[in-house]
>>> print(open('work01.txt').read())   # compact mmCIF, C-alpha atoms
# COMPACT_ATOMS: atom_id res chain seq x y z
CA MET A 5 -38.89 -59.98 -9.19
CA THR A 6 -38.93 -56.22 -9.68
CA ILE A 7 -39.45 -53.77 -6.83
CA GLN A 8 -42.92 -52.38 -6.38
CA ALA A 9 -44.11 -48.80 -6.19
CA PRO A 10 -47.38 -47.10 -7.11
CA PRO A 11 -47.89 -46.26 -10.79
CA LEU A 12 -46.21 -43.04 -11.88
CA LYS A 13 -49.42 -41.07 -12.34
CA THR A 14 -50.69 -42.19 -8.93
CA MET A 15 -47.49 -40.87 -7.34
CA LEU A 16 -47.78 -37.59 -9.22
CA GLU A 17 -51.38 -37.18 -8.08
CA GLY A 18 -50.40 -37.83 -4.48
CA LEU A 19 -47.47 -35.41 -4.52
CA ILE A 20 -49.35 -32.56 -6.18
CA GLY A 21 -52.41 -33.13 -3.99
CA THR A 22 -50.46 -32.87 -0.71
CA LEU A 23 -50.03 -29.28 0.47
CA SER A 24 -46.43 -28.52 1.48
CA VAL A 25 -45.94 -24.77 1.13
CA SER A 26 -42.99 -23.23 2.95
CA SER A 27 -42.73 -19.51 3.58
CA VAL A 28 -40.91 -17.04 5.81
CA THR A 29 -44.39 -15.65 6.52
CA PRO A 30 -45.87 -17.92 9.23
CA ALA A 31 -49.43 -17.53 7.96
CA PHE A 32 -48.46 -19.24 4.69
CA ASP A 33 -46.06 -21.85 6.09
CA HIS A 34 -47.09 -25.51 6.37
CA SER A 35 -45.56 -28.69 7.69
CA ASN A 36 -44.15 -31.04 5.08
CA GLU A 37 -44.80 -34.07 7.29
CA PRO A 38 -47.81 -35.39 5.31
CA LEU A 39 -45.81 -35.40 2.07
CA VAL A 40 -42.76 -36.95 3.75
CA MET A 41 -44.87 -39.75 5.23
CA LEU A 42 -46.48 -40.41 1.84
CA LEU A 43 -43.14 -40.54 0.09
CA ALA A 44 -41.56 -42.65 2.83
CA GLY A 45 -44.29 -45.28 2.37
CA TRP A 46 -43.64 -45.43 -1.36
CA LEU A 47 -39.89 -45.72 -0.81
CA GLU A 48 -40.34 -48.61 1.59
CA SER A 49 -42.72 -50.39 -0.77
CA ALA A 50 -40.06 -50.00 -3.45
CA GLY A 51 -37.43 -51.72 -1.32
CA PHE A 52 -35.69 -48.61 0.02
CA ARG A 53 -34.75 -48.07 3.64
CA ALA A 54 -36.51 -44.82 4.61
CA GLU A 55 -35.18 -42.49 7.29
CA ILE A 56 -37.28 -39.54 8.44
CA LEU A 57 -34.99 -36.83 9.84
CA PRO A 58 -36.57 -34.04 11.93
CA ILE A 59 -35.14 -30.56 11.35
CA PRO A 60 -33.77 -29.32 14.72
CA GLY A 61 -35.51 -26.15 15.86
CA HIS A 62 -38.24 -26.38 13.22
CA PRO A 63 -41.21 -28.43 14.43
CA GLY A 64 -43.22 -30.08 11.68
CA LYS A 65 -40.35 -29.98 9.19
CA PHE A 66 -38.48 -33.10 8.06
CA ASN A 67 -35.89 -34.37 5.63
CA LEU A 68 -36.30 -37.85 4.17
CA LEU A 69 -33.57 -40.18 2.96
CA GLY A 70 -34.37 -43.38 1.10
CA THR A 71 -31.52 -45.81 0.45
CA LEU A 72 -31.44 -48.82 -1.85
CA GLY A 73 -28.35 -50.98 -1.48
CA SER A 74 -25.30 -50.27 0.65
CA GLY A 75 -21.62 -49.48 0.56
CA PRO A 76 -19.52 -46.42 -0.28
CA GLY A 77 -20.05 -43.98 -3.12
CA GLY A 78 -23.29 -44.14 -4.99
CA LEU A 79 -25.79 -41.71 -6.47
CA VAL A 80 -28.14 -39.29 -4.71
CA LEU A 81 -31.27 -38.09 -6.53
CA SER A 82 -32.31 -35.02 -4.60
CA GLY A 83 -35.19 -32.59 -4.46
CA HIS A 84 -37.17 -30.36 -2.13
CA THR A 85 -40.60 -31.27 -0.81
CA ASP A 86 -41.93 -27.73 -0.52
CA THR A 87 -43.51 -25.27 -2.91
CA VAL A 88 -43.97 -21.52 -2.79
CA PRO A 89 -47.33 -20.04 -1.73
CA PHE A 90 -49.95 -19.69 -4.46
CA ASP A 91 -52.95 -17.58 -5.43
CA ALA A 92 -55.63 -20.11 -6.35
CA PRO A 93 -57.92 -17.55 -8.11
CA LEU A 94 -55.15 -16.87 -10.63
CA TRP A 95 -54.99 -20.53 -11.67
CA THR A 96 -57.06 -21.92 -14.53
CA HIS A 97 -56.71 -25.38 -12.98
CA ASP A 98 -56.85 -26.51 -9.35
CA PRO A 99 -53.27 -26.03 -8.10
CA LEU A 100 -53.61 -28.97 -5.69
CA LYS A 101 -54.92 -31.45 -8.23
CA LEU A 102 -52.95 -33.06 -11.04
CA THR A 103 -54.73 -32.07 -14.27
CA GLU A 104 -53.80 -33.39 -17.71
CA VAL A 105 -54.60 -31.00 -20.57
CA ASP A 106 -53.03 -30.67 -24.04
CA GLY A 107 -49.99 -32.80 -23.33
CA ARG A 108 -49.23 -31.19 -20.00
CA TYR A 109 -49.60 -32.05 -16.32
CA TYR A 110 -50.76 -28.95 -14.43
CA GLY A 111 -50.42 -28.47 -10.69
CA LEU A 112 -48.38 -26.78 -7.97
CA GLY A 113 -44.96 -28.44 -7.93
CA THR A 114 -45.19 -30.21 -11.28
CA SER A 115 -42.17 -28.30 -12.57
CA ASP A 116 -40.60 -27.06 -9.34
CA MET A 117 -40.15 -29.81 -8.31
CA LYS A 118 -42.26 -32.48 -6.62
CA SER A 119 -42.60 -34.49 -9.82
CA PHE A 120 -38.91 -35.40 -9.65
CA PHE A 121 -39.55 -37.74 -6.71
CA ALA A 122 -42.09 -39.74 -8.68
CA LEU A 123 -39.77 -39.88 -11.69
CA ALA A 124 -36.84 -41.00 -9.53
CA LEU A 125 -38.90 -43.82 -8.04
CA GLU A 126 -40.23 -44.81 -11.45
CA ALA A 127 -36.68 -44.94 -12.82
CA ALA A 128 -35.59 -47.10 -9.87
CA ARG A 129 -38.47 -49.54 -10.34
CA SER A 130 -36.51 -52.15 -12.27
CA PHE A 131 -33.46 -52.18 -9.95
CA ARG A 132 -33.05 -54.32 -6.86
CA ALA A 133 -30.66 -53.80 -3.97
CA SER A 134 -28.79 -56.94 -4.99
CA ASP A 135 -28.14 -55.36 -8.41
CA LEU A 136 -26.20 -52.46 -6.95
CA LYS A 137 -22.49 -52.21 -6.23
CA CYS A 138 -23.04 -48.72 -4.79
CA PRO A 139 -26.19 -47.37 -3.14
CA LEU A 140 -28.95 -45.35 -4.75
CA MET A 141 -30.37 -42.65 -2.49
CA ILE A 142 -33.43 -40.47 -2.90
CA LEU A 143 -33.19 -37.34 -0.74
CA ALA A 144 -36.19 -35.11 -0.02
CA THR A 145 -35.52 -31.87 1.86
CA ALA A 146 -37.59 -29.29 3.71
CA ASP A 147 -37.94 -25.53 3.26
CA GLU A 148 -35.81 -24.98 0.14
CA GLU A 149 -38.21 -22.28 -1.02
CA SER A 150 -37.94 -20.30 2.22
CA ALA A 151 -34.69 -20.63 4.17
CA MET A 152 -33.17 -23.99 3.11
CA HIS A 153 -33.46 -25.30 6.65
CA GLY A 154 -33.41 -28.90 5.43
CA ALA A 155 -30.17 -28.68 3.47
CA ARG A 156 -28.51 -26.62 6.19
CA ALA A 157 -29.47 -29.26 8.78
CA LEU A 158 -27.80 -31.96 6.68
CA VAL A 159 -24.58 -29.93 6.65
CA GLU A 160 -24.75 -29.31 10.40
CA ALA A 161 -25.24 -33.03 11.03
CA GLY A 162 -22.24 -33.74 8.80
CA ARG A 163 -23.57 -37.07 7.68
CA PRO A 164 -21.92 -38.33 4.47
CA LEU A 165 -24.28 -39.41 1.72
CA GLY A 166 -23.32 -40.52 -1.79
CA ARG A 167 -20.45 -39.51 -4.03
CA HIS A 168 -22.50 -38.11 -6.92
CA ALA A 169 -25.74 -36.11 -6.74
CA VAL A 170 -28.37 -34.82 -9.15
CA ILE A 171 -30.83 -32.16 -7.98
CA GLY A 172 -33.94 -32.31 -10.13
CA GLU A 173 -34.65 -28.57 -10.28
CA PRO A 174 -36.18 -27.32 -13.54
CA THR A 175 -33.44 -26.99 -16.18
CA ASN A 176 -35.22 -28.18 -19.36
CA LEU A 177 -33.14 -31.38 -19.13
CA ARG A 178 -29.93 -29.41 -19.63
CA PRO A 179 -27.14 -30.03 -17.10
CA VAL A 180 -26.14 -27.16 -14.82
CA ARG A 181 -22.90 -27.29 -12.85
CA LEU A 182 -22.67 -23.82 -11.35
CA HIS A 183 -24.90 -21.09 -10.04
CA LYS A 184 -24.64 -17.74 -8.36
CA GLY A 185 -25.05 -17.20 -4.65
CA VAL A 186 -28.02 -15.31 -3.24
CA MET A 187 -27.89 -12.72 -0.48
CA GLY A 188 -30.62 -10.53 0.98
CA GLU A 189 -29.46 -7.58 3.09
CA ALA A 190 -31.32 -4.95 5.12
CA VAL A 191 -29.73 -1.52 5.56
CA ARG A 192 -31.28 0.58 8.31
CA LEU A 193 -30.64 4.20 9.25
CA ILE A 194 -31.99 5.89 12.39
CA GLY A 195 -32.00 9.68 12.63
CA ARG A 196 -34.27 12.02 14.57
CA SER A 197 -37.79 13.07 13.66
CA GLY A 198 -39.04 16.62 13.96
CA HIS A 199 -41.26 19.23 12.39
CA ALA A 200 -40.71 19.50 8.65
CA SER A 201 -40.78 23.30 8.77
CA ASP A 202 -37.28 23.43 10.29
CA PRO A 203 -34.62 20.89 9.20
CA SER A 204 -32.51 21.74 12.25
CA LEU A 205 -35.12 20.11 14.49
CA GLY A 206 -34.21 16.61 13.28
CA ASN A 207 -31.81 14.44 11.30
CA ASN A 208 -33.45 13.04 8.18
CA ALA A 209 -32.78 9.30 7.73
CA LEU A 210 -34.29 9.39 4.24
CA ASP A 211 -31.78 12.03 3.16
CA GLY A 212 -29.09 9.76 4.54
CA MET A 213 -30.45 6.76 2.67
CA HIS A 214 -30.29 8.74 -0.56
CA GLU A 215 -26.54 9.03 -0.02
CA VAL A 216 -26.32 5.36 0.97
CA MET A 217 -28.04 4.37 -2.27
CA SER A 218 -25.55 6.42 -4.28
CA VAL A 219 -22.66 4.76 -2.45
CA ILE A 220 -24.14 1.30 -3.06
CA LEU A 221 -24.60 1.98 -6.76
CA ASP A 222 -20.97 3.06 -7.01
CA TRP A 223 -19.96 -0.14 -5.19
CA ARG A 224 -22.10 -2.17 -7.59
CA ALA A 225 -20.20 -0.70 -10.53
CA GLU A 226 -16.89 -1.56 -8.85
CA LEU A 227 -18.01 -5.17 -8.29
CA GLN A 228 -19.08 -5.56 -11.90
CA LEU A 229 -15.72 -4.30 -13.15
CA ALA A 230 -13.72 -6.48 -10.75
CA HIS A 231 -15.59 -9.79 -11.05
CA ARG A 232 -16.54 -11.65 -14.22
CA HIS A 233 -17.50 -15.24 -14.98
CA PRO A 234 -18.14 -15.84 -18.70
CA ALA A 235 -20.21 -18.98 -18.09
CA PHE A 236 -23.17 -16.92 -16.83
CA PRO A 237 -25.65 -15.15 -19.10
CA VAL A 238 -25.22 -12.17 -16.76
CA PRO A 239 -21.46 -12.55 -16.27
CA TYR A 240 -21.03 -10.21 -13.28
CA PRO A 241 -22.47 -9.98 -9.74
CA THR A 242 -25.70 -8.01 -9.45
CA VAL A 243 -26.99 -5.75 -6.68
CA ASN A 244 -30.69 -4.89 -6.83
CA LEU A 245 -32.28 -2.17 -4.71
CA GLY A 246 -35.59 -3.91 -4.20
CA HIS A 247 -37.48 -2.34 -1.30
CA ILE A 248 -37.37 0.90 0.67
CA HIS A 249 -39.50 2.34 3.45
CA GLY A 250 -39.00 5.39 5.60
CA GLY A 251 -40.93 7.90 7.64
CA ASP A 252 -44.65 8.16 8.29
CA ASN A 253 -45.86 11.59 7.15
CA PRO A 254 -44.70 14.33 4.76
CA ASN A 255 -44.78 17.01 7.47
CA ARG A 256 -42.36 15.11 9.72
CA ILE A 257 -38.62 14.75 9.31
CA CYS A 258 -37.99 11.08 8.54
CA GLY A 259 -36.63 9.41 11.67
CA GLU A 260 -35.99 5.91 10.27
CA CYS A 261 -35.44 4.40 6.84
CA GLU A 262 -34.81 0.83 5.72
CA LEU A 263 -33.55 -0.48 2.36
CA HIS A 264 -33.53 -4.12 1.23
CA LEU A 265 -31.00 -5.40 -1.32
CA ASP A 266 -30.77 -8.57 -3.40
CA LEU A 267 -27.23 -9.64 -4.34
CA ARG A 268 -26.38 -12.41 -6.81
CA VAL A 269 -22.74 -13.30 -6.38
CA LEU A 270 -20.33 -15.36 -8.44
CA PRO A 271 -18.46 -18.51 -7.40
CA GLY A 272 -15.32 -17.50 -5.53
CA MET A 273 -16.99 -14.48 -3.87
CA ASP A 274 -17.45 -14.74 -0.09
CA PRO A 275 -20.82 -13.49 1.26
CA ALA A 276 -19.20 -12.51 4.57
CA ASP A 277 -16.64 -10.34 2.79
CA LEU A 278 -19.38 -8.69 0.74
CA ARG A 279 -21.47 -7.89 3.81
CA ALA A 280 -18.41 -6.40 5.49
CA ALA A 281 -17.73 -4.23 2.43
CA LEU A 282 -21.35 -3.08 2.36
CA ALA A 283 -21.30 -2.29 6.07
CA GLU A 284 -18.10 -0.25 5.70
CA ARG A 285 -19.75 1.95 3.08
CA VAL A 286 -22.96 2.40 5.07
CA ALA A 287 -20.93 3.22 8.18
CA GLY A 288 -19.15 6.00 6.33
CA VAL A 289 -22.45 7.69 5.51
CA GLY A 290 -23.79 7.17 9.00
CA GLN A 291 -20.74 8.70 10.61
CA ARG A 292 -20.71 11.70 8.29
CA ARG A 293 -24.36 12.41 8.96
CA GLY A 294 -24.60 11.45 12.62
CA LEU A 295 -27.02 8.60 11.90
CA GLN A 296 -27.27 5.23 13.62
CA TRP A 297 -26.88 2.45 11.08
CA SER A 298 -27.01 -1.33 10.72
CA VAL A 299 -26.56 -3.94 7.99
CA GLU A 300 -28.25 -7.26 8.70
CA PRO A 301 -28.97 -10.34 6.56
CA LEU A 302 -32.60 -10.93 5.62
CA PHE A 303 -31.75 -14.65 5.54
CA ALA A 304 -28.65 -16.79 5.79
CA PRO A 305 -26.92 -16.46 2.42
CA ILE A 306 -27.07 -19.20 -0.19
CA PRO A 307 -23.46 -19.58 -1.25
CA PRO A 308 -22.46 -19.68 -4.90
CA ALA A 309 -21.66 -23.18 -6.11
CA GLU A 310 -19.53 -24.77 -8.76
CA THR A 311 -18.87 -28.42 -9.51
CA PRO A 312 -15.75 -29.01 -11.63
CA ALA A 313 -16.27 -29.61 -15.33
CA THR A 314 -14.16 -32.76 -14.92
CA ALA A 315 -16.47 -34.33 -12.31
CA ALA A 316 -17.81 -37.74 -13.28
CA ILE A 317 -21.45 -36.69 -12.82
CA VAL A 318 -20.92 -33.67 -15.08
CA ARG A 319 -19.23 -35.72 -17.80
CA ALA A 320 -21.92 -38.40 -17.60
CA CYS A 321 -24.84 -35.97 -17.87
CA GLU A 322 -23.22 -34.04 -20.70
CA SER A 323 -22.76 -37.29 -22.60
CA LEU A 324 -26.29 -38.52 -21.92
CA THR A 325 -28.04 -35.23 -22.77
CA GLY A 326 -25.77 -34.01 -25.57
CA HIS A 327 -25.52 -30.60 -23.89
CA ALA A 328 -22.52 -28.95 -22.25
CA ALA A 329 -23.08 -28.08 -18.61
CA GLU A 330 -24.36 -24.54 -18.10
CA ALA A 331 -24.63 -21.85 -15.42
CA VAL A 332 -27.78 -20.30 -13.93
CA SER A 333 -28.48 -17.27 -11.77
CA PHE A 334 -31.00 -18.86 -9.41
CA GLY A 335 -29.94 -20.57 -6.17
CA THR A 336 -30.33 -24.23 -5.19
CA GLU A 337 -29.23 -26.66 -2.48
CA MET A 338 -26.15 -27.52 -4.55
CA PRO A 339 -23.58 -25.73 -2.32
CA PHE A 340 -24.83 -27.62 0.74
CA LEU A 341 -24.66 -31.02 -0.96
CA ASN A 342 -21.19 -30.18 -2.20
CA GLN A 343 -20.18 -29.34 1.38
CA LEU A 344 -21.11 -32.92 2.29
CA GLY A 345 -18.50 -34.23 -0.13
CA MET A 346 -20.69 -34.83 -3.15
CA GLU A 347 -20.14 -33.68 -6.69
CA THR A 348 -23.50 -32.19 -7.57
CA LEU A 349 -25.27 -31.40 -10.83
CA ILE A 350 -28.63 -29.70 -11.35
CA LEU A 351 -30.78 -31.42 -13.96
CA GLY A 352 -34.54 -31.75 -14.16
CA PRO A 353 -37.40 -31.95 -16.66
CA GLY A 354 -39.22 -28.76 -15.70
CA ASP A 355 -38.80 -25.23 -16.99
CA ILE A 356 -37.72 -22.43 -14.64
CA ALA A 357 -40.14 -20.15 -16.52
CA GLN A 358 -42.96 -22.25 -15.02
CA ALA A 359 -41.64 -22.05 -11.47
CA HIS A 360 -43.56 -19.86 -8.99
CA GLN A 361 -46.22 -19.10 -11.61
CA PRO A 362 -49.98 -19.76 -11.84
CA ASP A 363 -50.80 -22.76 -14.04
CA GLU A 364 -47.40 -24.34 -13.47
CA PHE A 365 -47.02 -27.41 -15.67
CA LEU A 366 -44.76 -30.23 -16.74
CA ALA A 367 -44.86 -31.25 -20.41
CA LEU A 368 -45.61 -34.97 -20.76
CA ASP A 369 -43.02 -35.38 -23.49
CA ARG A 370 -40.32 -34.58 -20.89
CA ILE A 371 -41.13 -37.69 -18.89
CA PRO A 372 -39.70 -40.48 -21.12
CA PRO A 373 -36.29 -38.83 -21.65
CA THR A 374 -36.04 -38.05 -17.93
CA LEU A 375 -36.69 -41.69 -17.04
CA GLU A 376 -34.17 -42.86 -19.63
CA LEU A 377 -31.56 -40.46 -18.25
CA LEU A 378 -32.12 -41.44 -14.62
CA ARG A 379 -31.98 -45.14 -15.41
CA ALA A 380 -28.70 -44.62 -17.25
CA LEU A 381 -27.24 -42.76 -14.27
CA ILE A 382 -28.36 -45.49 -11.84
CA GLN A 383 -26.82 -48.10 -14.11
CA ARG A 384 -23.52 -46.22 -14.36
CA PHE A 385 -23.01 -45.07 -10.78
CA CYS A 386 -24.86 -47.75 -8.78
CA VAL A 387 -24.95 -50.98 -10.80
CA GLU A 388 -21.54 -50.61 -12.44
CA GLY A 389 -20.19 -48.52 -9.58
CA GLN A 390 -18.22 -46.21 -11.83
CA ASP A 391 -16.14 -43.52 -10.13
CA ALA A 392 -17.23 -44.74 -6.70
CA ALA A 393 -14.16 -43.26 -5.04
CA SER A 394 -13.10 -40.64 -7.59
>>> encode(input="work01.txt", output="C-alpha cells")
Amino acid sequence: MTIQAPPLKTMLEGLIGTLSVSSVTPAFDHSNEPLVMLLAGWLESAGFRAEILPIPGHPGKFNLLGTLGSGPGGLVLSGHTDTVPFDAPLWTHDPLKLTEVDGRYYGLGTSDMKSFFALALEAARSFRASDLKCPLMILATADEESAMHGARALVEAGRPLGRHAVIGEPTNLRPVRLHKGVMGEAVRLIGRSGHASDPSLGNNALDGMHEVMSVILDWRAELQLAHRHPAFPVPYPTVNLGHIHGGDNPNRICGECELHLDLRVLPGMDPADLRAALAERVAGVGQRRGLQWSVEPLFAPIPPAETPATAAIVRACESLTGHAAEAVSFGTEMPFLNQLGMETLILGPGDIAQAHQPDEFLALDRIPPTLELLRALIQRFCVEGQDAAS
C-alpha cells in the first residue's frame, strides 16, 4: 500500500491559492497559518507526523515539520511558506490562482518557492515509513522573505533535525553549495539646522554624509582588494549605496541625514566585524565635523554560508544532476540549517529570474526531473541510509 496525498496539481493549486505574503511593512504582512494548516493536513494524510511550531514573539507565524520514519540522520527537504508582496495589476494572470499556459504554471510562489512542497510530497508518495532506515523530513518555514524569523527560531530552539538538507530555492536544477551573506545598514548623522543664508548658524548633516559616502567608497575598494572568492560570478564583497534622505527644504541647513547600505559578504567574513569597521569610519567623520552619528542594522544579518565540496549531499546532487555545485549572490536559510548540524545544499526547479516578478512561473518540463532527483535522494539517504553519521 502506498501513502496517500492529494494529486500534484491539486496541491499546487492549494499552495498558490493560499495567501502567505511576509513583509517588514505591517500593511503587507500576513499570517502563514492557513498555508501551514493546509500543508500539515497533506503531510498527515501522506503518513508523516506533522508538528506545527509557533514562532516566539511573532503571532500568526509558524514553522511546520513533517517527519516520515524515525532514527538518526536522514534527509530534510526544506522551503519557505511565504512570498513577497505583489502588484496584481502588473500580472497577466491571477497571481493567486494556478494558471497553465504554454507549458508553464503561472502564479505567486510557483518558482520561489511554494511549489517545492508539492513536489517533495509527490516524490515521497511511493515511500512508507517502514521502508526507511533514516527519516525523511519536510520543513516549511515562516518569514524567509522578510526577516527569516522561522529559520532563526529553529536555531534558537537548538533542535536537531536531519543530517542532510536540500532547500528548494530556484536554481534551475543546478546544485548550489555556497552563497554570500546579506547585510543592511543604516548610517545616520545629526547636525544642527539653521538659515541657509549663513552656514555658521548650523552644522550641515548632508555635507557630513558626503564625506561619509567618500569614506565608505574607499572602504569598499579596500574590501574588494582584500577579499576574493573565485567561485562567485562577482568574486568580491559588494557595498551598495541604495537610499539616502536628508533635510526638508533647500533654504534650511540640513539637520539630519540617513544613508542605507546593502552589503553582500563572502564566506569567512564576519558581519559583526564589518559593522564595527563601518562604524569606525563613520565615527571619524562625525568627530571631525562635530556631528552625532550612529550605525544600526536594518535587519539581523544573513550570514554567508558554505557547505564543503566533500559533503555527501553535495557529491550526490552533483552526480545526479551532472553539474558541479555553484555559488550564488542571493541569501537563503542555508546558514541557519548548517548551524543546526546539517550539511545543506540549495537546489530547486525554479529560476531566480522569475522570483519577485509579475507573471512568475514554473516550466512544466522541470517537474519530472525534479521528482526523479528527489526520489533518488530519498532512496539514497533515507531508504539506504547512506552517510547517516558522516
>>> atom_distance(input="work01.txt", atom1="CA of Gly162 (chain A)", atom2="CA of Val332 (chain A)")
27.0 Å
>>> closest_residue(input="work01.txt", among="A:Val289, A:Leu278, A:Val170, A:Cys138", to="Val80 (chain A)", atoms="all atoms listed in the file")
A:Val170
>>> closest_residue(input="work01.txt", among="A:Leu81, A:Ala128, A:Met273, A:Ile56", to="Ile350 (chain A)", atoms="all atoms listed in the file")
A:Leu81
>>> residues_around(input="work01.txt", residues="Ala331 (chain A)", least_positions_apart="4", cutoff="6 Å", atoms="only C-alpha atoms", output="list in words")
Val180, Leu182, His183, Ala235 and Phe236 of chain A
>>> write_last_selection(input="work01.txt", atoms="C-alpha atoms", output="mmCIF file, in the frame of the given file")
data_model
loop_
_atom_site.group_PDB
_atom_site.id
_atom_site.type_symbol
_atom_site.label_atom_id
_atom_site.label_comp_id
_atom_site.auth_asym_id
_atom_site.auth_seq_id
_atom_site.Cartn_x
_atom_site.Cartn_y
_atom_site.Cartn_z
ATOM 1 C CA VAL A 180 -26.140 -27.160 -14.820
ATOM 2 C CA LEU A 182 -22.670 -23.820 -11.350
ATOM 3 C CA HIS A 183 -24.900 -21.090 -10.040
ATOM 4 C CA ALA A 235 -20.210 -18.980 -18.090
ATOM 5 C CA PHE A 236 -23.170 -16.920 -16.830
#
>>> atom_distance(input="work01.txt", atom1="CA of Thr242 (chain A)", atom2="CA of Asp147 (chain A)")
24.9 Å
>>> atom_distance(input="work01.txt", atom1="CA of Ala225 (chain A)", atom2="CA of Tyr240 (chain A)")
9.9 Å
>>> residues_around(input="work01.txt", residues="Leu324 (chain A)", least_positions_apart="2", cutoff="12 Å", atoms="only C-alpha atoms", output="count of residues only")
24
>>> residues_around(input="work01.txt", residues="Ile257 (chain A)", least_positions_apart="3", cutoff="8 Å", atoms="only C-alpha atoms", output="list in words")
Arg196, Ser197, Gly198, His199, Ala200, Pro203, Gly206, Asn207, Asn208, Gly251 and Pro254 of chain A
>>> closest_atom_pairs(input="work01.txt", of="region 132-185 of chain A", to="region 59-71 of chain A", cutoff="9 Å", atoms="all atoms listed in the file", output="CSV")
residue,atom,partner,partner_atom,distance
A:Pro139,CA,A:Thr71,CA,6.6
A:Leu140,CA,A:Thr71,CA,5.8
A:Met141,CA,A:Thr71,CA,4.5
A:Ile142,CA,A:Gly70,CA,5.0
A:Leu143,CA,A:Leu69,CA,4.7
A:Ala144,CA,A:Leu68,CA,5.0
A:Thr145,CA,A:Asn67,CA,4.5
A:Ala146,CA,A:Asn67,CA,5.7
A:Asp147,CA,A:Lys65,CA,7.8
A:His153,CA,A:Ile59,CA,7.3
A:Gly154,CA,A:Asn67,CA,6.0
A:Ala155,CA,A:Asn67,CA,8.4
A:Ala157,CA,A:Ile59,CA,6.4
A:Leu158,CA,A:Asn67,CA,8.5
